[in-house]
Each structure stands twice: as C-alpha cells, then as structure tokens.
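Pasting start_7.cif here (mmCIF, C-alpha atoms, pLDDT in the B column; chains and numbers go by the auth columns):
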```cif
data_run
loop_
_atom_site.group_PDB
_atom_site.id
_atom_site.type_symbol
_atom_site.label_atom_id
_atom_site.label_comp_id
_atom_site.label_asym_id
_atom_site.label_seq_id
_atom_site.Cartn_x
_atom_site.Cartn_y
_atom_site.Cartn_z
_atom_site.B_iso_or_equiv
_atom_site.auth_seq_id
_atom_site.auth_asym_id
ATOM 1 C CA MET A 1 -32.693 13.689 -10.231 52.00 1 A
ATOM 2 C CA ALA A 2 -29.337 14.137 -8.526 62.00 2 A
ATOM 3 C CA MET A 3 -26.545 11.773 -9.510 88.00 3 A
ATOM 4 C CA ILE A 4 -23.761 10.677 -7.195 95.00 4 A
ATOM 5 C CA ASP A 5 -20.714 9.238 -8.977 96.00 5 A
ATOM 6 C CA ILE A 6 -18.224 7.515 -6.697 97.00 6 A
ATOM 7 C CA GLU A 7 -14.867 6.718 -8.247 97.00 7 A
ATOM 8 C CA TYR A 8 -12.178 4.755 -6.429 97.00 8 A
ATOM 9 C CA ARG A 9 -8.790 5.163 -8.123 96.00 9 A
ATOM 10 C CA HIS A 10 -6.176 2.694 -7.015 95.00 10 A
ATOM 11 C CA SER A 11 -2.838 1.464 -8.221 89.00 11 A
ATOM 12 C CA SER A 12 -1.888 -0.985 -5.541 84.00 12 A
ATOM 13 C CA GLU A 13 -2.831 -2.303 -2.158 85.00 13 A
ATOM 14 C CA PRO A 14 -2.702 0.125 0.757 85.00 14 A
ATOM 15 C CA PRO A 15 0.329 -0.137 3.032 85.00 15 A
ATOM 16 C CA GLU A 16 0.347 -3.095 5.358 84.00 16 A
ATOM 17 C CA ASP A 17 -0.848 -1.567 8.587 84.00 17 A
ATOM 18 C CA GLU A 18 -2.937 -3.421 11.132 81.00 18 A
ATOM 19 C CA ASN A 19 -4.673 -0.156 12.095 85.00 19 A
ATOM 20 C CA LEU A 20 -6.268 0.490 8.687 90.00 20 A
ATOM 21 C CA ARG A 21 -10.055 0.262 8.547 92.00 21 A
ATOM 22 C CA ARG A 22 -10.004 -1.494 5.156 92.00 22 A
ATOM 23 C CA TRP A 23 -6.932 -3.598 4.464 89.00 23 A
ATOM 24 C CA SER A 24 -7.225 -4.137 0.742 93.00 24 A
ATOM 25 C CA VAL A 25 -8.431 -2.559 -2.480 94.00 25 A
ATOM 26 C CA GLU A 26 -11.060 -5.300 -2.730 95.00 26 A
ATOM 27 C CA GLU A 27 -12.374 -4.588 0.775 95.00 27 A
ATOM 28 C CA MET A 28 -12.582 -0.857 0.011 96.00 28 A
ATOM 29 C CA SER A 29 -14.399 -1.573 -3.268 96.00 29 A
ATOM 30 C CA GLU A 30 -16.918 -3.811 -1.506 97.00 30 A
ATOM 31 C CA TYR A 31 -17.523 -1.141 1.136 97.00 31 A
ATOM 32 C CA LEU A 32 -18.187 1.512 -1.534 97.00 32 A
ATOM 33 C CA LYS A 33 -20.444 -0.832 -3.519 97.00 33 A
ATOM 34 C CA GLY A 34 -22.478 -1.299 -0.344 97.00 34 A
ATOM 35 C CA LEU A 35 -22.870 2.457 0.089 96.00 35 A
ATOM 36 C CA VAL A 36 -23.989 2.855 -3.522 97.00 36 A
ATOM 37 C CA PHE A 37 -26.475 0.014 -3.077 96.00 37 A
ATOM 38 C CA GLU A 38 -27.929 1.752 0.008 95.00 38 A
ATOM 39 C CA MET A 39 -28.317 4.997 -1.961 95.00 39 A
ATOM 40 C CA GLN A 40 -29.957 3.214 -4.886 95.00 40 A
ATOM 41 C CA MET A 41 -32.394 1.517 -2.499 95.00 41 A
ATOM 42 C CA SER A 42 -33.302 5.026 -1.279 93.00 42 A
ATOM 43 C CA ASP A 43 -33.964 6.195 -4.870 92.00 43 A
ATOM 44 C CA ILE A 44 -30.765 8.228 -5.085 92.00 44 A
ATOM 45 C CA SER A 45 -29.252 7.871 -8.516 93.00 45 A
ATOM 46 C CA SER A 46 -25.686 6.699 -7.947 96.00 46 A
ATOM 47 C CA LYS A 47 -22.956 4.573 -9.424 96.00 47 A
ATOM 48 C CA PHE A 48 -19.579 3.205 -8.422 97.00 48 A
ATOM 49 C CA VAL A 49 -16.487 2.835 -10.587 97.00 49 A
ATOM 50 C CA SER A 50 -13.214 1.257 -9.570 96.00 50 A
ATOM 51 C CA VAL A 51 -10.323 2.387 -11.781 95.00 51 A
ATOM 52 C CA GLU A 52 -6.697 1.318 -11.800 94.00 52 A
ATOM 53 C CA ALA A 53 -4.503 4.409 -12.008 92.00 53 A
ATOM 54 C CA GLU A 54 -0.972 5.541 -11.272 91.00 54 A
ATOM 55 C CA GLY A 55 -0.197 7.302 -8.019 89.00 55 A
ATOM 56 C CA GLN A 56 -1.774 7.353 -4.602 90.00 56 A
ATOM 57 C CA ASN A 57 -5.094 5.562 -4.050 94.00 57 A
ATOM 58 C CA SER A 58 -7.916 8.143 -3.986 96.00 58 A
ATOM 59 C CA LEU A 59 -11.667 8.444 -3.620 97.00 59 A
ATOM 60 C CA PHE A 60 -13.645 10.912 -5.729 97.00 60 A
ATOM 61 C CA ILE A 61 -17.293 11.903 -5.432 97.00 61 A
ATOM 62 C CA ASN A 62 -18.634 13.686 -8.511 96.00 62 A
ATOM 63 C CA GLY A 63 -15.061 14.426 -9.564 95.00 63 A
ATOM 64 C CA LYS A 64 -13.900 15.948 -6.264 96.00 64 A
ATOM 65 C CA ARG A 65 -11.451 14.312 -3.886 96.00 65 A
ATOM 66 C CA VAL A 66 -13.051 13.362 -0.574 95.00 66 A
ATOM 67 C CA GLN A 67 -10.335 15.240 1.333 94.00 67 A
ATOM 68 C CA ASP A 68 -11.245 18.431 -0.578 94.00 68 A
ATOM 69 C CA ILE A 69 -14.965 17.958 0.118 94.00 69 A
ATOM 70 C CA LEU A 70 -14.345 17.428 3.829 93.00 70 A
ATOM 71 C CA ASP A 71 -11.904 20.338 4.034 90.00 71 A
ATOM 72 C CA GLY A 72 -14.634 22.940 4.579 80.00 72 A
ATOM 73 C CA LEU A 73 -16.931 20.838 6.754 84.00 73 A
ATOM 74 C CA GLU A 74 -17.195 20.889 10.524 83.00 74 A
ATOM 75 C CA ILE A 75 -17.930 17.328 11.598 80.00 75 A
ATOM 76 C CA LYS A 76 -19.676 17.079 14.948 74.00 76 A
ATOM 77 C CA MET A 77 -20.334 13.861 16.777 70.00 77 A
ATOM 78 C CA LEU A 78 -23.578 13.479 18.713 62.00 78 A
ATOM 79 C CA GLU A 79 -23.278 14.113 22.417 62.00 79 A
ATOM 80 C CA THR A 80 -24.758 11.497 24.745 53.00 80 A
ATOM 81 C CA GLU A 81 -27.702 13.710 25.686 55.00 81 A
ATOM 82 C CA GLU A 82 -28.434 14.347 21.967 51.00 82 A
ATOM 83 C CA SER A 83 -28.643 10.680 21.056 52.00 83 A
ATOM 84 C CA CYS A 84 -31.788 8.588 21.088 58.00 84 A
ATOM 85 C CA ASP A 85 -30.576 5.975 23.579 57.00 85 A
ATOM 86 C CA HIS A 86 -31.657 7.730 26.764 57.00 86 A
ATOM 87 C CA GLY A 87 -31.858 5.453 29.743 60.00 87 A
ATOM 88 C CA LYS A 88 -29.622 2.803 28.195 63.00 88 A
ATOM 89 C CA ALA A 89 -26.086 2.059 29.242 62.00 89 A
ATOM 90 C CA ASN A 90 -23.441 3.555 26.967 60.00 90 A
ATOM 91 C CA MET A 91 -21.364 1.098 24.996 59.00 91 A
ATOM 92 C CA ILE A 92 -17.671 1.154 25.793 58.00 92 A
ATOM 93 C CA SER A 93 -15.372 0.745 22.839 57.00 93 A
ATOM 94 C CA PHE A 94 -11.663 0.268 22.671 58.00 94 A
ATOM 95 C CA GLY A 95 -9.664 1.478 19.729 63.00 95 A
ATOM 96 C CA ARG A 96 -9.103 4.567 17.664 69.00 96 A
ATOM 97 C CA PRO A 97 -11.339 7.610 17.906 74.00 97 A
ATOM 98 C CA THR A 98 -14.000 7.720 15.195 75.00 98 A
ATOM 99 C CA LEU A 99 -12.558 10.714 13.344 79.00 99 A
ATOM 100 C CA ASP A 100 -8.914 9.601 13.565 83.00 100 A
ATOM 101 C CA TRP A 101 -7.570 8.518 10.184 87.00 101 A
ATOM 102 C CA ASN A 102 -4.419 8.502 8.103 87.00 102 A
ATOM 103 C CA LYS A 103 -5.258 11.023 5.354 88.00 103 A
ATOM 104 C CA ASP A 104 -2.522 9.594 3.127 89.00 104 A
ATOM 105 C CA VAL A 105 -4.317 6.234 2.941 92.00 105 A
ATOM 106 C CA ILE A 106 -7.907 6.582 1.707 94.00 106 A
ATOM 107 C CA GLU A 107 -8.694 3.010 2.787 94.00 107 A
ATOM 108 C CA ASP A 108 -8.409 4.218 6.399 93.00 108 A
ATOM 109 C CA ILE A 109 -11.208 6.812 6.126 93.00 109 A
ATOM 110 C CA PRO A 110 -13.972 6.391 8.734 92.00 110 A
ATOM 111 C CA ASP A 111 -17.480 5.564 7.559 92.00 111 A
ATOM 112 C CA VAL A 112 -18.897 8.747 9.104 90.00 112 A
ATOM 113 C CA LEU A 113 -16.565 10.908 6.988 93.00 113 A
ATOM 114 C CA VAL A 114 -17.409 9.118 3.734 94.00 114 A
ATOM 115 C CA LYS A 115 -21.122 9.536 4.434 94.00 115 A
ATOM 116 C CA ASN A 116 -20.656 13.214 5.331 92.00 116 A
ATOM 117 C CA ALA A 117 -18.784 13.800 2.061 94.00 117 A
ATOM 118 C CA ILE A 118 -21.542 12.056 0.086 95.00 118 A
ATOM 119 C CA SER A 119 -24.191 14.110 1.914 93.00 119 A
ATOM 120 C CA LYS A 120 -22.359 17.352 1.173 93.00 120 A
ATOM 121 C CA VAL A 121 -22.068 16.573 -2.540 94.00 121 A
ATOM 122 C CA TYR A 122 -25.694 15.444 -2.697 93.00 122 A
ATOM 123 C CA ALA A 123 -26.877 18.659 -1.003 91.00 123 A
ATOM 124 C CA ASP A 124 -24.779 20.761 -3.395 91.00 124 A
ATOM 125 C CA VAL A 125 -26.190 18.936 -6.423 90.00 125 A
ATOM 126 C CA LEU A 126 -29.767 19.444 -5.221 87.00 126 A
ATOM 127 C CA LYS A 127 -29.092 23.109 -4.426 86.00 127 A
ATOM 128 C CA ASN A 128 -27.757 23.750 -7.938 78.00 128 A
ATOM 129 C CA ARG A 129 -30.490 21.804 -9.704 72.00 129 A
ATOM 130 C CA ILE A 130 -32.783 23.766 -11.982 64.00 130 A
ATOM 131 C CA LEU A 131 -36.424 22.872 -11.426 59.00 131 A
#
```
Please lay out the structure from this file as structure tokens.
Amino acid sequence: MAMIDIEYRHSSEPPEDENLRRWSVEEMSEYLKGLVFEMQMSDISSKFVSVEAEGQNSLFINGKRVQDILDGLEIKMLETEESCDHGKANMISFGRPTLDWNKDVIEDIPDVLVKNAISKVYADVLKNRIL
C-alpha cells in the first residue's frame, strides 16, 4: 500500500499579511490534518507530522518540497464547458485568482496546488510499487 507522509516544518508564524490563505501555523496544521483524514477515510495510508525547525516554513510530501513537486506539473483549471454544472449560473467570486500565491510563504498555498502535489506523489509511489 502506498504511504503519503506530509511534514510541515515551521519555526514561527507566517508574516502578518491579510492576503494569506492560512494566517497561522496552527491553522495550516489543522488544514493538513484535515487532508490526511480525508485520505485515511479513502483507505490511503497517510500521516501528518508538524515539526519545529529553523529557517523558512516548508511543506514536504514524502521528503520532497511541495514547490519542487509542483515545478514540473502543468496545472489546468476546468473550463466552464468542461465542468458538471451545465445550465446553472456561474458563481462570481471576488479576490485573488486560484493559482496566485506567495511561494515564499507556504501557508499561502492554494488548496488545489496542495492536492495536485499529493496526487503527483501518490501516482509516483504507485507507479514505482513492486507487485
């Protein structure tokens, strides 16, 4: 069975910025615990570790930084005609674009990017698994 290890290394709170998606180390930890819980409920072996460390706050999946995992991926958002809400009015949202984030502050990473990084690692683990 594939194992997904999520490690959140943090030394301090992220910078005070009202535009961050997660404003504190605790909020980021709770978000990641929720993702791990969802994976475990889907029978994906996973665990979360929060570690205090020196330096910039970082997120690792199976030992690789999320930024490095995402570096080779092409993230595409669904077009309106590709989505399953045909015939319904589109929701208007105000705020930052979904893929816009401050790469120096891991707490600002969008949910879609975290899930894409987890999916990439999970696919790689399954591909390299010996049956």
Once the PyMOL selection byres ((chain A and resi 4) around 9) has been applied to the shown file, what residues remain in the selection, as number ranges by chain?
-> A: 2-3, 5-6, 36, 39, 44-48, 61-62, 118, 121-122, 125
- Query: Given the file above and the PyMOL selection byres ((chain A and resi 109) around 10), which residues are selected, and can you give them as a list of chain:residue names?
  - Reply: A:Leu20, A:Arg21, A:Arg22, A:Met28, A:Leu59, A:Val66, A:Gln67, A:Thr98, A:Leu99, A:Asp100, A:Trp101, A:Asn102, A:Lys103, A:Asp104, A:Val105, A:Ile106, A:Glu107, A:Asp108, A:Pro110, A:Asp111, A:Val112, A:Leu113, A:Val114
Discussion item. Under the rule that all atoms listed in the file are counted, which of A:Val49, A:Lys33, A:Trp23, A:Pro97 is the nearest residue to A:Gly63?
Written reply: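 Checking each of A:Val49, A:Lys33, A:Trp23, A:Pro97 against A:Gly63, counting all atoms listed in the file, the winner is A:Val49.
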Around all the atoms of stretch 38-56 of chain A listed in the file, draw an axis-aligned box and extend it by 3 Å on each of the six sides; I want its centre and edge lengths in Å to one decimal, as JSON.
```
{"center_x": -17.1, "center_y": 4.7, "center_z": -6.0, "size_x": 39.8, "size_y": 13.0, "size_z": 18.0}
```
I'd like the interatomic distance between atom CA of A:Ser24 and atom CA of A:Ser12, to a tenth of an Å.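 Atom CA of A:Ser24 sits 8.8 Å away from atom CA of A:Ser12.
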key: Picked residues, the PyMOL selection byres ((chain A and resi 52) around 7), expected as a ChimeraX atom specification   = /A:9-11,50-51,53
Nearest-residue call for A:Glu30, choices A:Tyr8, A:Lys127, A:Lys64, A:Ser58, using all atoms listed in the file: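 Counting all atoms listed in the file, the residue closest to A:Glu30 is A:Tyr8.
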Worksheet entry | Closest of A:Asn116, A:Glu18, A:Arg129, A:Gly34 to A:Lys76 - atom-to-atom distances counting only C-alpha atoms |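 Using only C-alpha atoms, the shortest distance to A:Lys76 belongs to A:Asn116.
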Students should find that atom CA of A:Leu35 and atom CA of A:Asn128 are spaced 23.3 Å
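Our summary of the geometry notes that atom CA of A:Leu126 is positioned 17.6 Å from atom CA of A:Leu73.
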